file upload.pdb (PDB, C-alpha atoms and all ligand atoms)
ATOM      1  CA  MET A   1       0.000   0.000   0.000
ATOM      2  CA  ALA A   2       1.593   3.306  -1.085
ATOM      3  CA  ASP A   3       0.429   5.299   1.937
ATOM      4  CA  TYR A   4       3.741   6.735   2.997
ATOM      5  CA  GLU A   5       6.680   8.551   1.461
ATOM      6  CA  THR A   6       9.394   7.151   3.729
ATOM      7  CA  LEU A   7       7.886   3.902   5.065
ATOM      8  CA  LEU A   8       6.423   0.714   3.738
ATOM      9  CA  TRP A   9       3.396  -0.694   5.557
ATOM     10  CA  GLU A  10       2.077  -4.206   5.174
ATOM     11  CA  ARG A  11      -0.354  -6.269   7.209
ATOM     12  CA  SER A  12      -0.505 -10.013   6.854
ATOM     13  CA  GLN A  13      -1.806 -12.734   9.199
ATOM     14  CA  GLY A  14      -2.235 -10.366  12.124
ATOM     15  CA  VAL A  15       1.212  -8.769  11.761
ATOM     16  CA  ALA A  16       1.829  -5.170  10.691
ATOM     17  CA  THR A  17       5.305  -4.738   9.223
ATOM     18  CA  ILE A  18       6.663  -1.204   9.105
ATOM     19  CA  THR A  19       9.780  -0.844   6.937
ATOM     20  CA  LEU A  20      11.880   2.319   7.253
ATOM     21  CA  ASN A  21      12.411   3.147   3.623
ATOM     22  CA  ARG A  22      15.206   5.621   2.885
ATOM     23  CA  PRO A  23      17.824   3.060   1.902
ATOM     24  CA  ASP A  24      20.102   5.549   0.100
ATOM     25  CA  VAL A  25      20.859   7.245   3.431
ATOM     26  CA  PHE A  26      20.750   4.092   5.552
ATOM     27  CA  ASN A  27      17.164   4.928   6.609
ATOM     28  CA  ALA A  28      18.318   8.084   8.380
ATOM     29  CA  LEU A  29      15.510   9.674  10.372
ATOM     30  CA  ASN A  30      14.062  12.958   9.118
ATOM     31  CA  PRO A  31      10.894  14.788  10.235
ATOM     32  CA  THR A  32       8.790  13.128   7.524
ATOM     33  CA  LEU A  33       9.902   9.639   8.469
ATOM     34  CA  LEU A  34       9.363  10.274  12.178
ATOM     35  CA  GLU A  35       5.890  11.702  11.554
ATOM     36  CA  GLU A  36       5.001   8.797   9.293
ATOM     37  CA  LEU A  37       6.342   6.308  11.828
ATOM     38  CA  ARG A  38       4.108   7.884  14.420
ATOM     39  CA  GLN A  39       1.114   7.597  12.098
ATOM     40  CA  ALA A  40       1.920   3.988  11.255
ATOM     41  CA  LEU A  41       2.281   3.026  14.925
ATOM     42  CA  ARG A  42      -1.053   4.659  15.753
ATOM     43  CA  ARG A  43      -2.611   2.829  12.850
ATOM     44  CA  ALA A  44      -1.242  -0.486  14.109
ATOM     45  CA  ALA A  45      -2.428   0.306  17.640
ATOM     46  CA  ALA A  46      -5.955   1.013  16.457
ATOM     47  CA  ASP A  47      -6.207  -1.820  13.939
ATOM     48  CA  ARG A  48      -8.162  -4.774  15.374
ATOM     49  CA  ALA A  49      -6.634  -7.084  12.794
ATOM     50  CA  THR A  50      -3.102  -6.296  13.976
ATOM     51  CA  GLY A  51      -1.849  -8.361  16.901
ATOM     52  CA  ALA A  52       1.879  -7.641  16.628
ATOM     53  CA  ILE A  53       4.164  -5.181  14.873
ATOM     54  CA  VAL A  54       7.555  -5.638  13.223
ATOM     55  CA  ILE A  55       9.818  -2.652  12.524
ATOM     56  CA  THR A  56      12.675  -3.196  10.088
ATOM     57  CA  GLY A  57      14.785  -1.310   7.555
ATOM     58  CA  ALA A  58      14.978  -1.383   3.753
ATOM     59  CA  GLY A  59      18.336  -2.094   2.185
ATOM     60  CA  ARG A  60      21.603  -2.537   4.075
ATOM     61  CA  ALA A  61      20.811  -0.632   7.308
ATOM     62  CA  PHE A  62      18.173  -0.662  10.029
ATOM     63  CA  SER A  63      18.644   3.076  10.574
ATOM     64  CA  ALA A  64      21.641   5.428  10.805
ATOM     65  CA  GLY A  65      19.773   7.700  13.250
ATOM     66  CA  GLN A  66      19.114  11.381  12.727
ATOM     67  CA  ASP A  67      19.655  12.512   9.141
ATOM     68  CA  LEU A  68      22.771  14.597   9.672
ATOM     69  CA  ARG A  69      22.228  16.511   6.452
ATOM     70  CA  ASN A  70      19.111  17.995   8.058
ATOM     71  CA  PHE A  71      21.295  19.819  10.558
ATOM     72  CA  GLN A  72      23.189  21.459   7.721
ATOM     73  CA  GLU A  73      20.074  22.220   5.746
ATOM     74  CA  GLY A  74      18.095  23.416   8.774
ATOM     75  CA  ASP A  75      18.147  26.679  10.708
ATOM     76  CA  VAL A  76      21.575  26.691  12.324
ATOM     77  CA  SER A  77      20.994  30.047  14.011
ATOM     78  CA  ASP A  78      19.257  28.237  16.894
ATOM     79  CA  PRO A  79      20.718  24.725  17.097
ATOM     80  CA  ALA A  80      19.649  24.269  20.735
ATOM     81  CA  GLY A  81      16.040  25.080  19.943
ATOM     82  CA  GLN A  82      16.132  22.938  16.828
ATOM     83  CA  VAL A  83      17.410  19.906  18.730
ATOM     84  CA  SER A  84      15.091  20.159  21.712
ATOM     85  CA  GLN A  85      12.075  20.684  19.457
ATOM     86  CA  ALA A  86      13.028  17.689  17.339
ATOM     87  CA  LEU A  87      13.386  15.517  20.414
ATOM     88  CA  GLU A  88      10.165  16.638  22.069
ATOM     89  CA  ARG A  89       7.989  16.765  18.966
ATOM     90  CA  GLN A  90       9.401  14.049  16.731
ATOM     91  CA  TYR A  91      11.406  11.468  18.658
ATOM     92  CA  SER A  92       9.786  11.279  22.112
ATOM     93  CA  PRO A  93       6.258  10.595  20.773
ATOM     94  CA  VAL A  94       7.547   7.636  18.758
ATOM     95  CA  VAL A  95       9.396   6.171  21.733
ATOM     96  CA  ARG A  96       6.360   6.632  24.018
ATOM     97  CA  LEU A  97       4.073   5.083  21.439
ATOM     98  CA  ILE A  98       6.199   1.947  21.142
ATOM     99  CA  ARG A  99       6.576   1.585  24.898
ATOM    100  CA  ASN A 100       2.869   2.109  25.581
ATOM    101  CA  LEU A 101       1.459   0.250  22.606
ATOM    102  CA  PRO A 102      -0.605  -2.682  23.939
ATOM    103  CA  LYS A 103       0.810  -5.057  21.329
ATOM    104  CA  PRO A 104       4.259  -6.605  20.939
ATOM    105  CA  VAL A 105       6.665  -4.500  18.891
ATOM    106  CA  ILE A 106       9.570  -6.451  17.407
ATOM    107  CA  ALA A 107      12.635  -4.801  15.877
ATOM    108  CA  ALA A 108      14.021  -6.933  13.048
ATOM    109  CA  VAL A 109      17.450  -5.320  12.919
ATOM    110  CA  ASN A 110      18.628  -6.117   9.401
ATOM    111  CA  GLY A 111      21.758  -3.933   9.308
ATOM    112  CA  VAL A 112      23.549  -1.245  11.242
ATOM    113  CA  ALA A 113      21.487   0.610  13.859
ATOM    114  CA  ALA A 114      23.229   3.877  14.789
ATOM    115  CA  GLY A 115      22.379   6.859  16.986
ATOM    116  CA  ALA A 116      18.639   7.297  17.313
ATOM    117  CA  GLY A 117      18.293   4.282  15.004
ATOM    118  CA  MET A 118      19.777   2.226  17.824
ATOM    119  CA  SER A 119      17.493   4.019  20.297
ATOM    120  CA  LEU A 120      14.523   3.062  18.141
ATOM    121  CA  ALA A 121      15.530  -0.601  18.142
ATOM    122  CA  LEU A 122      16.060  -0.500  21.913
ATOM    123  CA  ALA A 123      12.584   0.983  22.458
ATOM    124  CA  CYS A 124      11.019  -2.123  20.919
ATOM    125  CA  ASP A 125       9.918  -5.015  23.114
ATOM    126  CA  ILE A 126      11.993  -7.670  21.357
ATOM    127  CA  ARG A 127      15.002  -7.442  19.044
ATOM    128  CA  LEU A 128      15.982 -10.026  16.444
ATOM    129  CA  LEU A 129      19.346  -9.269  14.866
ATOM    130  CA  ALA A 130      20.769 -10.367  11.531
ATOM    131  CA  ASP A 131      24.152 -12.019  12.063
ATOM    132  CA  THR A 132      25.707  -9.393   9.768
ATOM    133  CA  ALA A 133      24.160  -6.398  11.590
ATOM    134  CA  SER A 134      25.624  -4.185  14.291
ATOM    135  CA  PHE A 135      24.919  -1.352  16.702
ATOM    136  CA  THR A 136      26.742   1.893  17.397
ATOM    137  CA  LEU A 137      25.470   4.663  19.618
ATOM    138  CA  ALA A 138      27.393   7.150  17.440
ATOM    139  CA  PHE A 139      26.287  10.215  19.413
ATOM    140  CA  SER A 140      29.681  10.770  21.073
ATOM    141  CA  ARG A 141      31.316  11.046  17.653
ATOM    142  CA  ILE A 142      29.306  14.185  16.970
ATOM    143  CA  GLY A 143      29.585  15.590  20.498
ATOM    144  CA  LEU A 144      26.083  14.678  21.699
ATOM    145  CA  ILE A 145      24.675  12.508  24.456
ATOM    146  CA  PRO A 146      22.524   9.494  23.573
ATOM    147  CA  ASP A 147      18.865  10.406  23.168
ATOM    148  CA  ALA A 148      15.524   9.105  21.947
ATOM    149  CA  GLY A 149      15.259   6.963  25.075
ATOM    150  CA  SER A 150      18.630   5.190  24.989
ATOM    151  CA  ASN A 151      19.481   6.475  28.459
ATOM    152  CA  PHE A 152      16.372   4.687  29.688
ATOM    153  CA  SER A 153      16.631   1.441  27.787
ATOM    154  CA  LEU A 154      20.360   0.761  27.389
ATOM    155  CA  PRO A 155      21.399   0.668  31.098
ATOM    156  CA  ARG A 156      18.347  -1.490  31.821
ATOM    157  CA  LEU A 157      19.381  -3.953  29.122
ATOM    158  CA  VAL A 158      23.154  -4.150  29.621
ATOM    159  CA  GLY A 159      23.866  -2.436  32.976
ATOM    160  CA  LEU A 160      25.209   1.034  33.677
ATOM    161  CA  SER A 161      28.914   0.386  33.149
ATOM    162  CA  ARG A 162      28.489  -1.284  29.739
ATOM    163  CA  ALA A 163      25.998   1.385  28.695
ATOM    164  CA  LEU A 164      28.465   4.132  29.563
ATOM    165  CA  GLU A 165      31.279   2.425  27.695
ATOM    166  CA  LEU A 166      29.138   1.975  24.581
ATOM    167  CA  ALA A 167      28.000   5.606  24.781
ATOM    168  CA  TRP A 168      31.444   7.092  25.354
ATOM    169  CA  THR A 169      33.254   5.029  22.715
ATOM    170  CA  SER A 170      30.485   4.645  20.102
ATOM    171  CA  ARG A 171      32.255   1.459  19.075
ATOM    172  CA  ARG A 172      30.476  -1.000  16.781
ATOM    173  CA  VAL A 173      28.875  -3.942  18.602
ATOM    174  CA  GLY A 174      28.526  -6.992  16.374
ATOM    175  CA  ALA A 175      26.006  -9.793  16.597
ATOM    176  CA  ASP A 176      27.916 -12.136  18.942
ATOM    177  CA  GLU A 177      28.560  -9.431  21.504
ATOM    178  CA  ALA A 178      25.055  -7.987  21.161
ATOM    179  CA  LEU A 179      23.603 -11.366  22.066
ATOM    180  CA  ARG A 180      26.091 -11.992  24.869
ATOM    181  CA  ILE A 181      25.450  -8.683  26.652
ATOM    182  CA  GLY A 182      21.673  -8.810  26.262
ATOM    183  CA  LEU A 183      21.193  -6.111  23.635
ATOM    184  CA  VAL A 184      19.163  -8.510  21.501
ATOM    185  CA  ASN A 185      16.945 -11.517  22.110
ATOM    186  CA  ARG A 186      18.155 -13.600  19.206
ATOM    187  CA  VAL A 187      20.660 -13.557  16.328
ATOM    188  CA  VAL A 188      19.586 -15.211  13.077
ATOM    189  CA  PRO A 189      21.194 -15.635   9.645
ATOM    190  CA  ALA A 190      20.571 -12.450   7.670
ATOM    191  CA  ALA A 191      18.664 -14.336   4.975
ATOM    192  CA  ASP A 192      16.218 -15.695   7.574
ATOM    193  CA  LEU A 193      15.597 -12.495   9.532
ATOM    194  CA  GLY A 194      12.341 -11.471   7.850
ATOM    195  CA  ALA A 195      10.834 -14.946   8.091
ATOM    196  CA  GLU A 196      11.910 -15.436  11.722
ATOM    197  CA  ALA A 197      10.545 -12.057  12.774
ATOM    198  CA  ALA A 198       7.265 -12.697  10.945
ATOM    199  CA  GLU A 199       6.895 -16.133  12.510
ATOM    200  CA  LEU A 200       7.507 -14.809  16.029
ATOM    201  CA  ALA A 201       5.105 -11.921  15.417
ATOM    202  CA  ARG A 202       2.433 -14.247  14.012
ATOM    203  CA  SER A 203       2.689 -16.543  17.019
ATOM    204  CA  LEU A 204       2.250 -13.553  19.350
ATOM    205  CA  ALA A 205      -0.663 -12.255  17.260
ATOM    206  CA  ARG A 206      -2.369 -15.633  17.711
ATOM    207  CA  GLY A 207      -1.925 -15.426  21.496
ATOM    208  CA  ALA A 208      -4.281 -14.196  24.200
ATOM    209  CA  ARG A 209      -4.097 -10.543  23.232
ATOM    210  CA  GLU A 210      -5.377  -8.944  26.387
ATOM    211  CA  ALA A 211      -2.992 -11.023  28.504
ATOM    212  CA  ILE A 212      -0.148 -10.070  26.155
ATOM    213  CA  ALA A 213      -1.031  -6.376  26.507
ATOM    214  CA  LEU A 214      -1.356  -6.523  30.281
ATOM    215  CA  THR A 215       1.918  -8.480  30.538
ATOM    216  CA  LYS A 216       3.657  -5.579  28.771
ATOM    217  CA  GLN A 217       1.989  -3.147  31.157
ATOM    218  CA  ALA A 218       2.895  -5.189  34.247
ATOM    219  CA  MET A 219       6.505  -5.873  33.250
ATOM    220  CA  THR A 220       7.072  -2.249  32.225
ATOM    221  CA  ALA A 221       5.621  -0.999  35.489
ATOM    222  CA  GLY A 222       7.385  -3.692  37.524
ATOM    223  CA  ALA A 223      10.760  -2.345  36.407
ATOM    224  CA  GLN A 224       9.976   0.915  38.241
ATOM    225  CA  LEU A 225       7.738  -0.138  41.144
ATOM    226  CA  SER A 226       8.434  -1.575  44.585
ATOM    227  CA  LEU A 227       7.689  -5.239  45.266
ATOM    228  CA  ASP A 228       4.490  -4.377  47.130
ATOM    229  CA  GLU A 229       3.313  -2.083  44.344
ATOM    230  CA  THR A 230       4.086  -4.755  41.775
ATOM    231  CA  LEU A 231       2.192  -7.423  43.716
ATOM    232  CA  ALA A 232      -0.819  -5.106  43.982
ATOM    233  CA  LEU A 233      -0.720  -4.334  40.247
ATOM    234  CA  GLU A 234      -0.479  -8.043  39.405
ATOM    235  CA  ALA A 235      -3.537  -8.793  41.528
ATOM    236  CA  GLU A 236      -5.498  -5.995  39.842
ATOM    237  CA  LEU A 237      -4.562  -6.975  36.293
ATOM    238  CA  GLN A 238      -5.014 -10.708  36.872
ATOM    239  CA  ALA A 239      -8.494 -10.061  38.241
ATOM    240  CA  ARG A 240      -9.346  -8.410  34.918
ATOM    241  CA  LEU A 241      -8.274 -11.509  33.023
ATOM    242  CA  ALA A 242      -9.628 -14.212  35.310
ATOM    243  CA  GLY A 243     -13.169 -14.143  33.898
ATOM    244  CA  SER A 244     -12.135 -13.400  30.320
ATOM    245  CA  PRO A 245     -13.101 -15.599  27.358
ATOM    246  CA  ASP A 246      -9.410 -16.177  26.636
ATOM    247  CA  PHE A 247      -8.820 -17.521  30.141
ATOM    248  CA  LEU A 248     -11.824 -19.838  29.892
ATOM    249  CA  GLU A 249     -10.653 -20.990  26.449
ATOM    250  CA  GLY A 250      -7.103 -21.525  27.740
ATOM    251  CA  LEU A 251      -8.392 -23.644  30.609
ATOM    252  CA  ALA A 252     -10.710 -25.661  28.362
ATOM    253  CA  ALA A 253      -7.912 -26.252  25.844
ATOM    254  CA  PHE A 254      -5.612 -27.535  28.576
ATOM    255  CA  LEU A 255      -8.230 -29.907  29.949
ATOM    256  CA  GLU A 256      -9.152 -31.126  26.452
ATOM    257  CA  LYS A 257      -5.449 -31.533  25.526
ATOM    258  CA  ARG A 258      -5.638 -29.253  22.460
ATOM    259  CA  GLU A 259      -4.178 -25.934  21.329
ATOM    260  CA  PRO A 260      -6.168 -22.899  22.537
ATOM    261  CA  ARG A 261      -8.064 -20.790  20.015
ATOM    262  CA  PHE A 262      -7.953 -17.340  21.523
ATOM    263  CA  GLY A 263     -10.326 -14.583  20.462
ATOM    264  CA  GLN A 264      -8.757 -11.786  18.454
ATOM    265  CA  GLY A 265     -10.952  -8.968  19.693
ATOM    266  CA  ALA A 266      -9.074  -7.564  22.678
ATOM    267  CA  ASN A 267      -6.851  -4.498  22.373
ATOM    268  CA  GLY A 268      -8.176  -3.489  19.029
ATOM    269  CA  ALA A 269      -9.415  -0.084  18.014
ATOM    270  CA  GLY A 270      -8.993   2.651  20.559
ATOM    271  CA  GLU A 271      -7.759   0.555  23.456
ATOM    272  CA  VAL A 272      -4.357   1.663  24.705
ATOM    273  CA  LEU A 273      -2.351   1.263  27.854
ATOM    274  CA  PRO A 274      -2.719   4.012  30.475
ATOM    275  CA  ALA A 275      -0.401   7.011  30.318
ATOM    276  CA  ALA A 276      -0.084   6.810  26.554
ATOM    277  CA  PRO A 277      -1.189  10.206  25.307
ATOM    278  CA  GLU A 278       0.497   9.715  21.951
ATOM    279  CA  ALA A 279      -1.298   6.450  21.355
ATOM    280  CA  ALA A 280      -4.726   7.842  22.026
ATOM    281  CA  GLY A 281      -5.394   9.642  18.773
TER
HETATM  282  O1  LIG A 301      17.928  17.370  16.733
HETATM  283  C1  LIG A 301      18.016  16.157  16.792
HETATM  284  O2  LIG A 301      17.305  15.519  16.026
HETATM  285  C2  LIG A 301      18.970  15.461  17.721
HETATM  286  C3  LIG A 301      18.855  13.989  17.609
HETATM  287  C4  LIG A 301      19.909  13.227  17.272
HETATM  288  C5  LIG A 301      19.721  11.779  17.122
HETATM  289  C6  LIG A 301      20.856  11.055  16.418
HETATM  290  O3  LIG A 301      20.594  10.009  15.905
HETATM  291  S1  LIG A 301      22.435  11.709  16.426
HETATM  292  C7  LIG A 301      23.378  10.426  15.624
HETATM  293  C8  LIG A 301      23.232  10.486  14.131
HETATM  294  N1  LIG A 301      23.834   9.343  13.466
HETATM  295  C9  LIG A 301      25.138   9.216  13.297
HETATM  296  O4  LIG A 301      25.924  10.000  13.748
HETATM  297  C10 LIG A 301      25.594   8.040  12.466
HETATM  298  C11 LIG A 301      26.286   8.532  11.212
HETATM  299  N2  LIG A 301      26.607   7.428  10.324
HETATM  300  C12 LIG A 301      27.614   6.580  10.575
HETATM  301  O5  LIG A 301      28.296   6.644  11.571
HETATM  302  C13 LIG A 301      27.846   5.541   9.538
HETATM  303  O6  LIG A 301      27.316   5.958   8.316
HETATM  304  C14 LIG A 301      27.229   4.172   9.919
HETATM  305  C15 LIG A 301      27.968   3.579  11.128
HETATM  306  C16 LIG A 301      25.744   4.252  10.238
HETATM  307  C17 LIG A 301      27.374   3.191   8.706
HETATM  308  O7  LIG A 301      28.716   3.193   8.283
HETATM  309  P1  LIG A 301      29.091   2.508   6.867
HETATM  310  O8  LIG A 301      30.539   2.700   6.670
HETATM  311  O9  LIG A 301      28.552   1.140   6.824
HETATM  312  O10 LIG A 301      28.250   3.351   5.774
HETATM  313  P2  LIG A 301      28.534   4.844   5.244
HETATM  314  O11 LIG A 301      29.266   4.749   3.966
HETATM  315  O12 LIG A 301      29.101   5.677   6.294
HETATM  316  O13 LIG A 301      27.019   5.360   4.969
HETATM  317  C18 LIG A 301      26.261   4.879   3.859
HETATM  318  C19 LIG A 301      25.473   6.041   3.287
HETATM  319  O14 LIG A 301      24.501   6.479   4.260
HETATM  320  C20 LIG A 301      26.347   7.253   2.997
HETATM  321  O15 LIG A 301      25.802   7.899   1.875
HETATM  322  P3  LIG A 301      26.662   8.025   0.500
HETATM  323  O16 LIG A 301      27.957   8.686   0.847
HETATM  324  O17 LIG A 301      26.825   6.609   0.035
HETATM  325  O18 LIG A 301      25.804   8.857  -0.409
HETATM  326  C21 LIG A 301      26.190   8.101   4.224
HETATM  327  O19 LIG A 301      26.442   9.457   4.011
HETATM  328  C22 LIG A 301      24.717   7.871   4.539
HETATM  329  N3  LIG A 301      24.451   8.097   5.955
HETATM  330  C23 LIG A 301      24.835   7.329   6.969
HETATM  331  N4  LIG A 301      24.415   7.844   8.116
HETATM  332  C24 LIG A 301      23.741   8.957   7.819
HETATM  333  C25 LIG A 301      23.759   9.146   6.436
HETATM  334  N5  LIG A 301      23.185  10.191   5.849
HETATM  335  C26 LIG A 301      22.553  11.093   6.647
HETATM  336  N6  LIG A 301      22.486  10.958   7.979
HETATM  337  C27 LIG A 301      23.062   9.933   8.596
HETATM  338  N7  LIG A 301      22.947   9.792   9.919
END
call {"tool": "encode", "arguments": {"input": "upload.pdb", "output": "C-alpha cells", "more": "lines below"}}
Ligand code: T3D
result
Amino acid sequence: MADYETLLWERSQGVATITLNRPDVFNALNPTLLEELRQALRRAAADRATGAIVITGAGRAFSAGQDLRNFQEGDVSDPAGQVSQALERQYSPVVRLIRNLPKPVIAAVNGVAAGAGMSLALACDIRLLADTASFTLAFSRIGLIPDAGSNFSLPRLVGLSRALELAWTSRRVGADEALRIGLVNRVVPAADLGAEAAELARSLARGAREAIALTKQAMTAGAQLSLDETLALEAELQARLAGSPDFLEGLAAFLEKREPRFGQGANGAGEVLPAAPEAAG
C-alpha cells in the first residue's frame, strides 16, 4: 500500500510490518519519516486485525539515526532550539508510542542501527538481529549525548557500566557481543531475519491478546515499582483476566489436551495502555 513517502506498511496474518524506507541514506531519520512512523504506529495500535508489529529497515541498514544533512540544511541560528524541538515533537512521541502500545513491537534489525536508530531498536519489546548487523550509539562522535530513550533502555538492558562504555566510545557492537550482553533476544542468519521475525510476530498475534497487553503493562511498570506495588498491580490486572473468554478458552484447551483458540478482539481499536497520550489519537 503506497500510503507513505518514507515507510512501507504491510499487514498479513495479524502482523503489521513497518519498513523504514530511505535506503540511500541508511534509513536516516528525518521529520517526515518520524511523523510517518508515528502515524503507522497509531494505525497499528488502532487496527483490530493487527496483533503484533515488526519494525525493520529497507536495504543494508536498520537506521543510521538522525539525518545529519538535516542539521546542515536546517536553521543553524538556533541549534539548541532545533534539537530540543526535534526531540520533544518528533522522537519522544515515537518512543512513548512503542513503549505504551498494547501489542508486541519487534525490531528486526537487518543492518547497522546507529544513533537514534539504535534508540529506536532498543525501544522495541523484542530485538531479532541479523548475524551481519551491528549497533553503534554514534552520538559521542558528533559531540552529543545518547537520546531518543537510549538512556532509559540501554542501562536497563546491559547495565550502567556497559551502557556508559558503549556511549562514550560509540564502538560498533557486532552480533555475537550484542547477544552476549543482552542487547538482543536472538541472532539469526541475515537471509532468515524477515521470516523469523514474521513467525515470532504471528505466534504472538495468535496469542491471548489482552494477557499479552497486560503483561507488557505489568513488566514495564514492575521495572519501576516496589515489590508491594508490583504485587498489587499483578492482583489488579489478573483479576481483569480471570473471567475473560481467553482464560476460559485456555483452561478448556488444557483440559481437552488441544491448542487454545484465543479470540482476536481484545486491544483493538482505541484501546491503549494508560499514560499513553500519543497512542490515544
Ligand atoms: O535534533 C536532533 O534531532 C537530535 C537527535 C539526534 C539523534 C541522532 O541520531 S544523532 C546520531 C546520528 N547518526 C550518526 O551519527 C551516524 C552517522 N553514520 C555513521 O556513523 C555511519 O554511516 C554508519 C555507522 C551508520 C554506517 O557506516 P558505513 O561505513 O557502513 O556506511 P557509510 O558509507 O558511512 O554510509 C552509507 C550512506 O549512508 C552514505 O551515503 P553516501 O555517501 O553513500 O551517499 C552516508 O552518508 C549515509 N548516511 C549514513 N548515516 C547517515 C547518512 N546520511 C545522513 N544521515 C546519517 N545519519
call {"tool": "atom_distance", "arguments": {"input": "upload.pdb", "atom1": "CA of Ser84 (chain A)", "atom2": "CA of Ala148 (chain A)"}}
result
11.1 Å
call {"tool": "residues_around", "arguments": {"input": "upload.pdb", "residues": "region 133-142 of chain A", "least_positions_apart": "3", "cutoff": "10 Å", "atoms": "only C-alpha atoms", "output": "tab-separated table (two decimals) with C-alpha atoms, in the frame of the given file"}}
result
chain	number	residue	atom	x	y	z
A	60	ARG	CA	21.60	-2.54	4.08
A	61	ALA	CA	20.81	-0.63	7.31
A	62	PHE	CA	18.17	-0.66	10.03
A	63	SER	CA	18.64	3.08	10.57
A	64	ALA	CA	21.64	5.43	10.80
A	65	GLY	CA	19.77	7.70	13.25
A	66	GLN	CA	19.11	11.38	12.73
A	68	LEU	CA	22.77	14.60	9.67
A	109	VAL	CA	17.45	-5.32	12.92
A	110	ASN	CA	18.63	-6.12	9.40
A	111	GLY	CA	21.76	-3.93	9.31
A	112	VAL	CA	23.55	-1.25	11.24
A	113	ALA	CA	21.49	0.61	13.86
A	114	ALA	CA	23.23	3.88	14.79
A	115	GLY	CA	22.38	6.86	16.99
A	116	ALA	CA	18.64	7.30	17.31
A	117	GLY	CA	18.29	4.28	15.00
A	118	MET	CA	19.78	2.23	17.82
A	119	SER	CA	17.49	4.02	20.30
A	121	ALA	CA	15.53	-0.60	18.14
A	129	LEU	CA	19.35	-9.27	14.87
A	130	ALA	CA	20.77	-10.37	11.53
A	145	ILE	CA	24.68	12.51	24.46
A	146	PRO	CA	22.52	9.49	23.57
A	147	ASP	CA	18.86	10.41	23.17
A	150	SER	CA	18.63	5.19	24.99
A	163	ALA	CA	26.00	1.38	28.70
A	166	LEU	CA	29.14	1.98	24.58
A	167	ALA	CA	28.00	5.61	24.78
A	168	TRP	CA	31.44	7.09	25.35
A	169	THR	CA	33.25	5.03	22.72
A	170	SER	CA	30.48	4.64	20.10
A	171	ARG	CA	32.26	1.46	19.08
A	172	ARG	CA	30.48	-1.00	16.78
A	173	VAL	CA	28.88	-3.94	18.60
A	174	GLY	CA	28.53	-6.99	16.37
A	175	ALA	CA	26.01	-9.79	16.60
A	176	ASP	CA	27.92	-12.14	18.94
A	177	GLU	CA	28.56	-9.43	21.50
A	178	ALA	CA	25.06	-7.99	21.16
A	183	LEU	CA	21.19	-6.11	23.64
A	187	VAL	CA	20.66	-13.56	16.33
A	189	PRO	CA	21.19	-15.64	9.64
A	190	ALA	CA	20.57	-12.45	7.67
call {"tool": "resolve_selection", "arguments": {"input": "upload.pdb", "expression": "the PyMOL selection byres (((chain A and resi 87-90) around 7) and not hetatm)", "output": "ChimeraX atom specification"}}
result
/A:31,34-35,83-86,91-94,148
call {"tool": "resolve_selection", "arguments": {"input": "upload.pdb", "expression": "the PyMOL selection byres (((chain A and resi 125) around 7) and not hetatm)", "output": "list in words"}}
result
Pro104, Val105, Ile106, Ala123, Cys124, Ile126 and Arg127 of chain A
call {"tool": "write_last_selection", "arguments": {"input": "upload.pdb", "atoms": "C-alpha atoms", "output": "short mmCIF file (atom, residue, chain, number, x, y, z; two decimals), in the frame of the given file"}}
result
data_model
loop_
_atom_site.label_atom_id
_atom_site.label_comp_id
_atom_site.auth_asym_id
_atom_site.auth_seq_id
_atom_site.Cartn_x
_atom_site.Cartn_y
_atom_site.Cartn_z
CA PRO A 104 4.26 -6.60 20.94
CA VAL A 105 6.66 -4.50 18.89
CA ILE A 106 9.57 -6.45 17.41
CA ALA A 123 12.58 0.98 22.46
CA CYS A 124 11.02 -2.12 20.92
CA ILE A 126 11.99 -7.67 21.36
CA ARG A 127 15.00 -7.44 19.04
#
call {"tool": "closest_atom_pairs", "arguments": {"input": "upload.pdb", "of": "region 18-82 of chain A", "to": "region 95-99 of chain A", "cutoff": "9 Å", "atoms": "all atoms listed in the file", "output": "JSON lines"}}
result
{"residue": "A:Arg38", "atom": "CA", "partner": "A:Leu97", "partner_atom": "CA", "distance": 7.6}
{"residue": "A:Leu41", "atom": "CA", "partner": "A:Leu97", "partner_atom": "CA", "distance": 7.1}
{"residue": "A:Arg42", "atom": "CA", "partner": "A:Leu97", "partner_atom": "CA", "distance": 7.7}
{"residue": "A:Ala45", "atom": "CA", "partner": "A:Leu97", "partner_atom": "CA", "distance": 8.9}
call {"tool": "atom_distance", "arguments": {"input": "upload.pdb", "atom1": "CA of Ser203 (chain A)", "atom2": "CA of Leu154 (chain A)"}}
result
26.8 Å
call {"tool": "axis_aligned_box", "arguments": {"input": "upload.pdb", "around": "ligand LIG 301 (chain A)", "padding_each_side": "6 Å", "output": "JSON"}}
result
{"center_x": 23.9, "center_y": 9.3, "center_z": 8.7, "size_x": 25.2, "size_y": 28.2, "size_z": 30.1}
call {"tool": "closest_residue", "arguments": {"input": "upload.pdb", "among": "A:Ala242, A:Ala198, A:Leu20, A:Ala80", "to": "ligand LIG 301 (chain A)", "atoms": "all atoms listed in the file"}}
result
A:Ala80
call {"tool": "resolve_selection", "arguments": {"input": "upload.pdb", "expression": "the PyMOL selection byres (((chain A and resi 14) around 8) and not hetatm)", "output": "NGL selection string"}}
result
:A and (11-13 or 15-16 or 49-52 or 202 or 205-206)
call {"tool": "closest_residue", "arguments": {"input": "upload.pdb", "among": "A:Leu144, A:Leu248, A:Ala235, A:Ala107", "to": "ligand LIG 301 (chain A)", "atoms": "all atoms listed in the file"}}
result
A:Leu144
call {"tool": "atom_distance", "arguments": {"input": "upload.pdb", "atom1": "CA of Leu128 (chain A)", "atom2": "CA of Arg261 (chain A)"}}
result
26.6 Å
call {"tool": "residues_around", "arguments": {"input": "upload.pdb", "residues": "Glu249 (chain A)", "least_positions_apart": "2", "cutoff": "12 Å", "atoms": "only C-alpha atoms", "output": "PyMOL selection string"}}
result
chain A and resi 207-208+241-247+251-263
call {"tool": "residues_around", "arguments": {"input": "upload.pdb", "residues": "Val25 (chain A)", "least_positions_apart": "3", "cutoff": "8 Å", "atoms": "only C-alpha atoms", "output": "compact mmCIF listing (two decimals) with C-alpha atoms, in the frame of the given file"}}
result
# COMPACT_ATOMS: atom_id res chain seq x y z
CA ARG A 22 15.21 5.62 2.88
CA ALA A 28 18.32 8.08 8.38
CA ALA A 64 21.64 5.43 10.80
CA ASP A 67 19.66 12.51 9.14
call {"tool": "closest_residue", "arguments": {"input": "upload.pdb", "among": "A:Gly159, A:Pro102, A:Gly222, A:Gly59", "to": "ligand LIG 301 (chain A)", "atoms": "all atoms listed in the file"}}
result
A:Gly59
